[in-house]
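What follows is the content of data-v2.txt (compact mmCIF, C-alpha atoms).
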# COMPACT_ATOMS: atom_id res chain seq x y z
CA MET M 152 59.99 151.12 119.96
CA ALA M 153 59.47 151.04 123.74
CA GLY M 154 58.53 154.72 123.68
CA GLU M 155 56.00 154.10 120.92
CA ILE M 156 54.42 151.20 122.83
CA SER M 157 54.15 153.15 126.10
CA ASP M 158 52.72 156.17 124.25
CA ARG M 159 50.01 153.96 122.78
CA PHE M 160 49.27 152.54 126.24
CA VAL M 161 48.69 156.07 127.59
CA THR M 162 46.45 157.17 124.72
CA THR M 163 44.60 153.83 124.66
CA TYR M 164 43.99 153.96 128.41
CA ASP M 165 42.29 157.33 127.85
CA LEU M 166 39.91 155.49 125.54
CA ILE M 167 38.40 153.80 128.61
CA THR M 168 37.64 157.23 130.08
CA PHE M 169 36.08 158.48 126.87
CA ARG M 170 33.92 155.39 126.41
CA ARG M 171 32.52 156.17 129.84
CA ILE M 172 32.01 159.85 128.93
CA ILE M 173 30.19 158.98 125.70
CA LYS M 174 28.05 156.33 127.41
CA SER M 175 26.99 158.66 130.24
CA ARG M 176 26.94 161.72 127.92
CA SER M 177 28.78 163.65 130.63
CA THR M 178 32.39 164.38 131.54
CA GLU M 179 31.39 164.01 135.22
CA ASP M 180 34.29 165.24 137.38
CA PHE M 181 37.05 164.39 134.91
CA SER M 182 39.46 167.26 134.31
CA GLY M 183 39.78 168.58 130.76
CA VAL M 184 43.24 170.04 131.38
CA PRO M 185 45.45 167.04 130.47
CA TYR M 186 44.02 166.51 126.97
CA PRO M 187 44.75 169.93 125.37
CA MET M 188 48.15 169.96 127.09
CA THR M 189 48.96 166.50 125.71
CA MET M 190 47.76 167.63 122.29
CA LEU M 191 50.09 170.65 122.42
CA ASN M 192 53.00 168.52 123.57
CA CYS M 193 52.43 166.07 120.71
CA LEU M 194 52.20 168.85 118.13
CA LEU M 195 55.37 170.61 119.31
CA SER M 196 57.31 167.34 119.68
CA ALA M 197 56.18 166.23 116.21
CA TRP M 198 57.28 169.58 114.78
CA TYR M 199 60.62 169.32 116.56
CA GLY M 200 61.18 165.87 115.03
CA LEU M 201 60.73 167.04 111.43
CA PRO M 202 63.93 166.71 109.34
CA PHE M 203 64.27 170.44 108.60
CA VAL M 204 64.11 171.19 112.34
CA SER M 205 65.92 168.26 113.97
CA PRO M 206 67.62 165.73 111.65
CA ASN M 207 67.45 162.00 112.48
CA ASN M 208 64.40 162.37 114.74
CA ILE M 209 61.67 161.26 112.34
CA LEU M 210 60.48 158.58 114.82
CA VAL M 211 59.70 161.34 117.32
CA SER M 212 57.73 163.17 114.64
CA THR M 213 55.63 160.24 113.37
CA ILE M 214 54.69 158.98 116.84
CA ASN M 215 53.73 162.41 118.09
CA PHE M 216 51.71 163.36 114.98
CA THR M 217 49.69 160.18 115.60
CA GLY M 218 49.31 161.14 119.24
CA ALA M 219 48.20 164.66 118.28
CA ALA M 220 45.47 163.24 116.02
CA ILE M 221 44.19 160.98 118.80
CA GLU M 222 44.26 163.78 121.39
CA THR M 223 42.38 166.08 119.00
CA VAL M 224 39.53 163.57 118.93
CA TYR M 225 39.60 163.32 122.75
CA VAL M 226 39.47 167.10 123.14
CA LEU M 227 36.53 167.44 120.75
CA VAL M 228 34.60 164.65 122.50
CA PHE M 229 35.32 166.23 125.90
CA ILE M 230 34.04 169.61 124.67
CA ALA M 231 30.90 167.99 123.26
CA PHE M 232 29.90 166.38 126.57
CA ALA M 233 31.30 168.86 129.14
CA HIS M 234 29.04 171.16 131.15
CA LYS M 235 29.10 174.83 130.21
CA LYS M 236 31.86 176.00 132.57
CA GLU M 237 34.18 173.11 131.74
CA ARG M 238 33.38 173.42 128.01
CA LEU M 239 34.37 177.10 127.94
CA LYS M 240 37.54 176.31 129.90
CA THR M 241 38.51 173.54 127.49
CA LEU M 242 37.68 175.67 124.44
CA GLY M 243 39.95 178.39 125.85
CA MET M 244 42.76 175.86 126.30
CA LEU M 245 42.24 174.55 122.77
CA ALA M 246 42.54 178.10 121.41
CA PHE M 247 45.72 178.53 123.47
CA VAL M 248 47.13 175.30 122.00
CA LEU M 249 46.46 176.42 118.43
CA VAL M 250 47.96 179.89 119.02
CA VAL M 251 51.12 178.53 120.67
CA PHE M 252 51.71 175.85 118.04
CA SER M 253 51.04 178.24 115.14
CA THR M 254 53.41 180.82 116.64
CA VAL M 255 56.21 178.29 117.15
CA ALA M 256 55.76 176.88 113.64
CA LEU M 257 55.65 180.26 111.89
CA VAL M 258 58.59 181.73 113.82
CA SER M 259 60.72 178.64 113.22
CA VAL M 260 59.98 178.62 109.49
CA PHE M 261 60.25 182.32 108.65
CA ALA M 262 62.53 183.82 111.30
CA LEU M 263 65.02 181.10 112.21
CA HIS M 264 67.36 178.73 110.40
CA GLY M 265 69.69 175.85 111.15
CA HIS M 266 70.75 175.30 114.75
CA ALA M 267 68.77 178.32 116.02
CA ARG M 268 65.57 176.75 114.69
CA LYS M 269 66.32 173.47 116.47
CA ILE M 270 67.09 175.24 119.78
CA PHE M 271 63.91 177.35 119.61
CA CYS M 272 61.62 174.41 118.78
CA GLY M 273 63.39 172.18 121.28
CA PHE M 274 62.90 174.65 124.13
CA ALA M 275 59.23 175.09 123.23
CA ALA M 276 58.69 171.32 123.14
CA THR M 277 60.56 170.88 126.45
CA ILE M 278 58.54 173.53 128.30
CA PHE M 279 55.17 172.19 127.21
CA SER M 280 56.21 168.56 127.68
CA ILE M 281 56.84 169.37 131.33
CA CYS M 282 53.47 171.17 131.49
CA MET M 283 51.80 168.08 130.02
CA TYR M 284 53.37 165.76 132.58
CA ALA M 285 52.38 168.16 135.38
CA SER M 286 48.77 168.61 134.17
CA PRO M 287 47.39 165.48 135.94
CA LEU M 288 48.32 167.15 139.24
CA THR M 289 45.11 169.17 138.81
CA ILE M 290 43.24 165.95 139.64
CA ILE M 291 44.89 165.52 143.06
CA ARG M 292 42.65 168.22 144.59
CA LEU M 293 39.62 166.27 143.36
CA VAL M 294 41.05 163.04 144.82
CA ILE M 295 41.43 164.73 148.21
CA LYS M 296 37.95 166.29 148.00
CA THR M 297 36.10 163.12 146.95
CA LYS M 298 38.39 160.73 148.86
CA SER M 299 38.43 158.57 145.74
CA VAL M 300 41.17 157.70 143.25
CA GLU M 301 38.55 157.00 140.56
CA PHE M 302 39.64 160.05 138.55
CA MET M 303 43.39 159.39 138.95
CA PRO M 304 43.76 155.71 138.02
CA PHE M 305 46.93 153.97 139.19
CA PHE M 306 47.59 152.30 135.83
CA LEU M 307 47.38 155.62 133.98
CA SER M 308 50.08 157.01 136.29
CA LEU M 309 52.09 153.83 135.72
CA PHE M 310 51.86 154.21 131.93
CA VAL M 311 52.91 157.86 132.23
CA PHE M 312 55.97 156.67 134.17
CA LEU M 313 56.77 154.04 131.52
CA CYS M 314 56.28 156.55 128.70
CA GLY M 315 58.54 159.14 130.34
CA THR M 316 61.20 156.57 131.15
CA SER M 317 61.24 155.11 127.62
CA TRP M 318 61.63 158.50 125.96
CA PHE M 319 64.16 159.58 128.59
CA ILE M 320 66.36 156.61 127.66
CA PHE M 321 65.78 157.32 123.96
CA GLY M 322 66.92 160.93 124.50
CA LEU M 323 70.01 159.83 126.42
CA LEU M 324 71.01 157.33 123.76
CA GLY M 325 70.48 159.92 121.05
CA LYS M 326 72.24 162.60 123.13
CA ASP M 327 69.23 164.87 122.68
CA PRO M 328 68.54 166.97 125.81
CA PHE M 329 65.25 168.24 124.36
CA VAL M 330 63.93 164.67 124.47
CA ALA M 331 65.74 163.46 127.60
CA VAL M 332 65.10 166.37 130.02
CA PRO M 333 61.28 166.71 129.85
CA ASN M 334 60.78 162.95 129.78
CA GLY M 335 63.11 162.48 132.72
CA PHE M 336 60.88 164.95 134.55
CA GLY M 337 57.83 162.98 133.37
CA SER M 338 59.33 159.72 134.61
CA GLY M 339 59.86 161.19 138.07
CA LEU M 340 56.41 162.77 138.16
CA GLY M 341 54.78 159.53 136.99
CA THR M 342 56.52 157.73 139.86
CA LEU M 343 55.17 160.28 142.38
CA GLN M 344 51.63 160.09 140.96
CA ALA M 345 51.57 156.28 140.92
CA ASN M 346 52.98 156.12 144.46
CA ASP M 347 50.55 158.76 145.73
CA GLY M 348 47.60 157.05 144.04
CA ALA M 349 48.58 153.64 145.46
CA LYS M 350 48.91 155.08 148.99
CA LYS M 351 45.57 156.87 148.81
CA LYS M 352 43.86 153.76 147.44
CA SER M 353 45.34 151.63 150.24
CA ALA M 354 44.26 154.16 152.86
CA MET M 355 40.72 154.29 151.45
CA VAL M 356 40.47 150.50 151.34
CA ALA M 357 41.62 150.32 154.96
CA ALA M 358 39.14 153.02 155.99
CA ASN M 359 36.28 151.23 154.21
CA ALA M 360 37.24 147.94 155.84
CA ALA M 361 37.26 149.63 159.26
CA GLU M 362 33.81 151.11 158.62
CA ILE M 363 32.44 147.72 157.57
CA ALA M 364 33.96 146.05 160.63
CA GLU M 365 32.52 148.74 162.91
CA CYS M 366 29.12 148.40 161.27
CA ASN M 367 29.16 144.60 161.60
CA GLY M 368 30.25 144.91 165.22
CA GLY M 369 27.38 147.27 165.92
CA ASN M 370 24.88 144.92 164.25
CA ALA M 371 26.20 141.96 166.26
CA ALA M 372 25.88 143.91 169.50
CA ALA M 373 22.32 144.90 168.61
CA ILE M 374 21.35 141.28 167.87
CA ALA M 375 22.92 140.12 171.14
What does this structure look like when you write it as structure tokens?
Amino acid sequence: MAGEISDRFVTTYDLITFRRIIKSRSTEDFSGVPYPMTMLNCLLSAWYGLPFVSPNNILVSTINFTGAAIETVYVLVFIAFAHKKERLKTLGMLAFVLVVFSTVALVSVFALHGHARKIFCGFAATIFSICMYASPLTIIRLVIKTKSVEFMPFFLSLFVFLCGTSWFIFGLLGKDPFVAVPNGFGSGLGTLQANDGAKKKSAMVAANAAEIAECNGGNAAAIA
């Protein structure tokens, strides 16, 4: 239940970004990388949770199929409003997502059975879950370049941490390493992102305050 709630927080928080994109009819400097990667993670995790792949994991499947549907909408909206270079990049990633998921699904159905199927799908879901959690790191370069945390919100990083931690605990309790390992990684990465974002925001606030103080001091001296 905690994992489901934190997942919805992450996907709902993205809704704020996409309302802004639709209103401005531009993706601005937002990165399109996290959305296809999240879509792929949701698809693979949902597939892994199906009863014929991994028994007793139907909760994982239902939550992630819902997440995949939401992320599909986000990806399509992003493509619709992105500039040409970013649109082509995102379309390429979407094609990659569809190829990877189709390959994993077809191989697991027609070439593998029983425990081998679970191991194969579990490894695929683990690898791309880690990629999903790492994808927001592409924004850090933009944060450094623009000296603004606008495109790496603190609360999004916090929700990523809560999501990873919830599913990590769920995986530990269920003794499922394919759920626990990638989400443990996500929990740690969410902590680093939230901490880094908070530090950068504090530093920028301090710098802005110093500039204002210097400006006011200069104005006072000029008046005197």
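Taking atom CA of M:Ser280 and atom CA of M:Pro333 as endpoints, the distance between them is 5.8 Å.
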**OP:** Could you jot down the atom CA of M:Ser286 to atom CA of M:Val255 separation for me, Å, one decimal place?
**Re:**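 These atoms are spaced 20.9 Å apart.
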Review point. Any idea what's packed within 9 Å of M:Gly273, counting all atoms listed in the file, ignoring anything in its chain fewer than 4 positions away? Could you give it as a list in words?
Key: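 Everything that qualifies: Leu195, Ser196, Tyr199, Ser205, Arg268, Lys269, Thr277, Ile278, Pro328, Phe329 and Val330 of chain M.
In this comparison, which uses only C-alpha atoms, the residue of M:Tyr284, M:Trp198, M:Phe271, M:Phe169 approaching M:Val184 most closely is M:Tyr284.
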Next item on the list: Have a look at M:Ala233, M:Phe252, M:Thr217, M:Val228 and name the one nearest to M:Phe279; count all atoms listed in the file.
Entry: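 Closest residue, counting all atoms listed in the file: M:Phe252.
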* How many Å separate atom CA of M:Asp165 from atom CA of M:Val248? ->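 These two atoms are separated by 19.5 Å.
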Enclose all atoms of stretch 209-212 of chain M listed in the file in an axis-aligned box, grow every side by 3 Å, and hand back centre and edge lengths in Å to one decimal, as lines of an AutoDock Vina configuration file.
center_x = 59.7
center_y = 160.9
center_z = 114.8
size_x = 9.9
size_y = 10.6
size_z = 11.0
Q.
I'd like the contact shell of M:Phe216 - 7 Å cut-off, only C-alpha atoms, skipping same-chain residues fewer than 4 positions apart - returned as a PyMOL selection string.
A. chain M and resi 193-194+197+212+220
Counting all atoms listed in the file, closest pick from M:Ala262, M:Ala285, M:Leu249, M:Leu201 relative to M:Pro185 is M:Ala285
Exercise. Counting all atoms listed in the file, what is within 7 Å of M:Asn334, bar same-chain residues fewer than 3 positions away, as JSON, numbers by chain?
Worked result: {"M": [315, 316, 318, 319, 330, 331, 337, 338]}
Counting all atoms listed in the file, the residue among M:Asn215, M:Thr254, M:Thr178, M:Thr342 that lies closest to M:Gly200 is M:Asn215
Using all atoms listed in the file, the best pick from M:Phe232, M:Val258, M:His266, M:Met188 as closest to M:Arg171 would be M:Phe232
Identify, on the basis of all atoms listed in the file, every residue whose closest approach to stretch 323-325 of chain M does not exceed 10 Å; exclude the query and any residue fewer than 6 positions from it along the same chain; express the result as a ChimeraX atom specification. /M:207-208,331-332,335
Notebook entry, point to check: Out of M:Thr223, M:Gln344, M:Thr241, M:Ser317, which residue has the shortest atom-to-atom distance to M:Thr189 when counting all atoms listed in the file?
Noted result: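 Ranked by minimum distance to M:Thr189, first place goes to M:Thr223.
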File for stretch 221-259 of chain M (N, CA and C atoms), as a compact mmCIF listing (two decimals), in the first residue's frame:
# COMPACT_ATOMS: atom_id res chain seq x y z
N ILE M 221 -0.07 5.77 -17.51
CA ILE M 221 0.13 7.19 -17.22
C ILE M 221 1.38 7.72 -17.92
N GLU M 222 2.48 6.96 -17.84
CA GLU M 222 3.73 7.40 -18.46
C GLU M 222 3.61 7.45 -19.98
N THR M 223 2.79 6.57 -20.56
CA THR M 223 2.57 6.60 -22.01
C THR M 223 1.96 7.93 -22.43
N VAL M 224 0.99 8.40 -21.64
CA VAL M 224 0.37 9.69 -21.92
C VAL M 224 1.41 10.81 -21.81
N TYR M 225 2.24 10.76 -20.75
CA TYR M 225 3.28 11.77 -20.56
C TYR M 225 4.24 11.81 -21.75
N VAL M 226 4.66 10.64 -22.20
CA VAL M 226 5.61 10.56 -23.31
C VAL M 226 5.00 11.16 -24.58
N LEU M 227 3.76 10.84 -24.85
CA LEU M 227 3.09 11.35 -26.05
C LEU M 227 2.92 12.86 -26.00
N VAL M 228 2.57 13.38 -24.82
CA VAL M 228 2.44 14.83 -24.66
C VAL M 228 3.80 15.50 -24.84
N PHE M 229 4.84 14.90 -24.26
CA PHE M 229 6.19 15.47 -24.38
C PHE M 229 6.61 15.53 -25.85
N ILE M 230 6.36 14.46 -26.58
CA ILE M 230 6.70 14.42 -28.00
C ILE M 230 5.94 15.49 -28.78
N ALA M 231 4.68 15.69 -28.43
CA ALA M 231 3.84 16.65 -29.15
C ALA M 231 4.35 18.08 -29.00
N PHE M 232 4.94 18.42 -27.84
CA PHE M 232 5.32 19.81 -27.59
C PHE M 232 6.84 20.04 -27.58
N ALA M 233 7.63 18.99 -27.80
CA ALA M 233 9.09 19.14 -27.80
C ALA M 233 9.57 19.78 -29.11
N HIS M 234 10.72 20.46 -29.04
CA HIS M 234 11.31 20.97 -30.27
C HIS M 234 11.91 19.80 -31.05
N LYS M 235 12.27 20.03 -32.30
CA LYS M 235 12.58 18.95 -33.22
C LYS M 235 13.65 17.99 -32.69
N LYS M 236 14.75 18.53 -32.18
CA LYS M 236 15.85 17.68 -31.71
C LYS M 236 15.41 16.81 -30.54
N GLU M 237 14.71 17.42 -29.59
CA GLU M 237 14.26 16.67 -28.41
C GLU M 237 13.16 15.68 -28.79
N ARG M 238 12.32 16.05 -29.77
CA ARG M 238 11.24 15.15 -30.22
C ARG M 238 11.83 13.89 -30.85
N LEU M 239 12.84 14.07 -31.71
CA LEU M 239 13.47 12.91 -32.35
C LEU M 239 14.15 12.02 -31.31
N LYS M 240 14.78 12.65 -30.34
CA LYS M 240 15.46 11.90 -29.27
C LYS M 240 14.44 11.08 -28.48
N THR M 241 13.32 11.70 -28.14
CA THR M 241 12.30 11.01 -27.35
C THR M 241 11.62 9.92 -28.15
N LEU M 242 11.38 10.17 -29.45
CA LEU M 242 10.81 9.14 -30.32
C LEU M 242 11.76 7.94 -30.41
N GLY M 243 13.05 8.20 -30.50
CA GLY M 243 14.04 7.12 -30.52
C GLY M 243 14.00 6.30 -29.24
N MET M 244 13.87 6.99 -28.10
CA MET M 244 13.79 6.28 -26.82
C MET M 244 12.50 5.48 -26.72
N LEU M 245 11.40 6.03 -27.24
CA LEU M 245 10.13 5.31 -27.22
C LEU M 245 10.23 4.03 -28.06
N ALA M 246 10.87 4.13 -29.22
CA ALA M 246 11.07 2.94 -30.05
C ALA M 246 11.92 1.90 -29.31
N PHE M 247 12.95 2.38 -28.62
CA PHE M 247 13.81 1.50 -27.82
C PHE M 247 12.99 0.78 -26.74
N VAL M 248 12.12 1.53 -26.06
CA VAL M 248 11.27 0.96 -25.02
C VAL M 248 10.39 -0.16 -25.58
N LEU M 249 9.76 0.09 -26.71
CA LEU M 249 8.86 -0.90 -27.31
C LEU M 249 9.62 -2.14 -27.77
N VAL M 250 10.82 -1.95 -28.32
CA VAL M 250 11.63 -3.09 -28.78
C VAL M 250 12.08 -3.94 -27.59
N VAL M 251 12.58 -3.29 -26.54
CA VAL M 251 13.06 -4.02 -25.36
C VAL M 251 11.92 -4.79 -24.70
N PHE M 252 10.79 -4.12 -24.48
CA PHE M 252 9.68 -4.79 -23.81
C PHE M 252 9.14 -5.95 -24.66
N SER M 253 9.00 -5.73 -25.95
CA SER M 253 8.50 -6.79 -26.83
C SER M 253 9.44 -7.98 -26.84
N THR M 254 10.75 -7.71 -26.86
CA THR M 254 11.74 -8.79 -26.86
C THR M 254 11.67 -9.61 -25.57
N VAL M 255 11.62 -8.91 -24.43
CA VAL M 255 11.54 -9.60 -23.13
C VAL M 255 10.26 -10.43 -23.06
N ALA M 256 9.14 -9.85 -23.47
CA ALA M 256 7.86 -10.56 -23.40
C ALA M 256 7.85 -11.80 -24.29
N LEU M 257 8.31 -11.65 -25.53
CA LEU M 257 8.29 -12.77 -26.48
C LEU M 257 9.25 -13.89 -26.06
N VAL M 258 10.44 -13.51 -25.63
CA VAL M 258 11.42 -14.52 -25.20
C VAL M 258 10.90 -15.27 -23.98
N SER M 259 10.31 -14.54 -23.03
CA SER M 259 9.84 -15.18 -21.80
C SER M 259 8.66 -16.11 -22.06
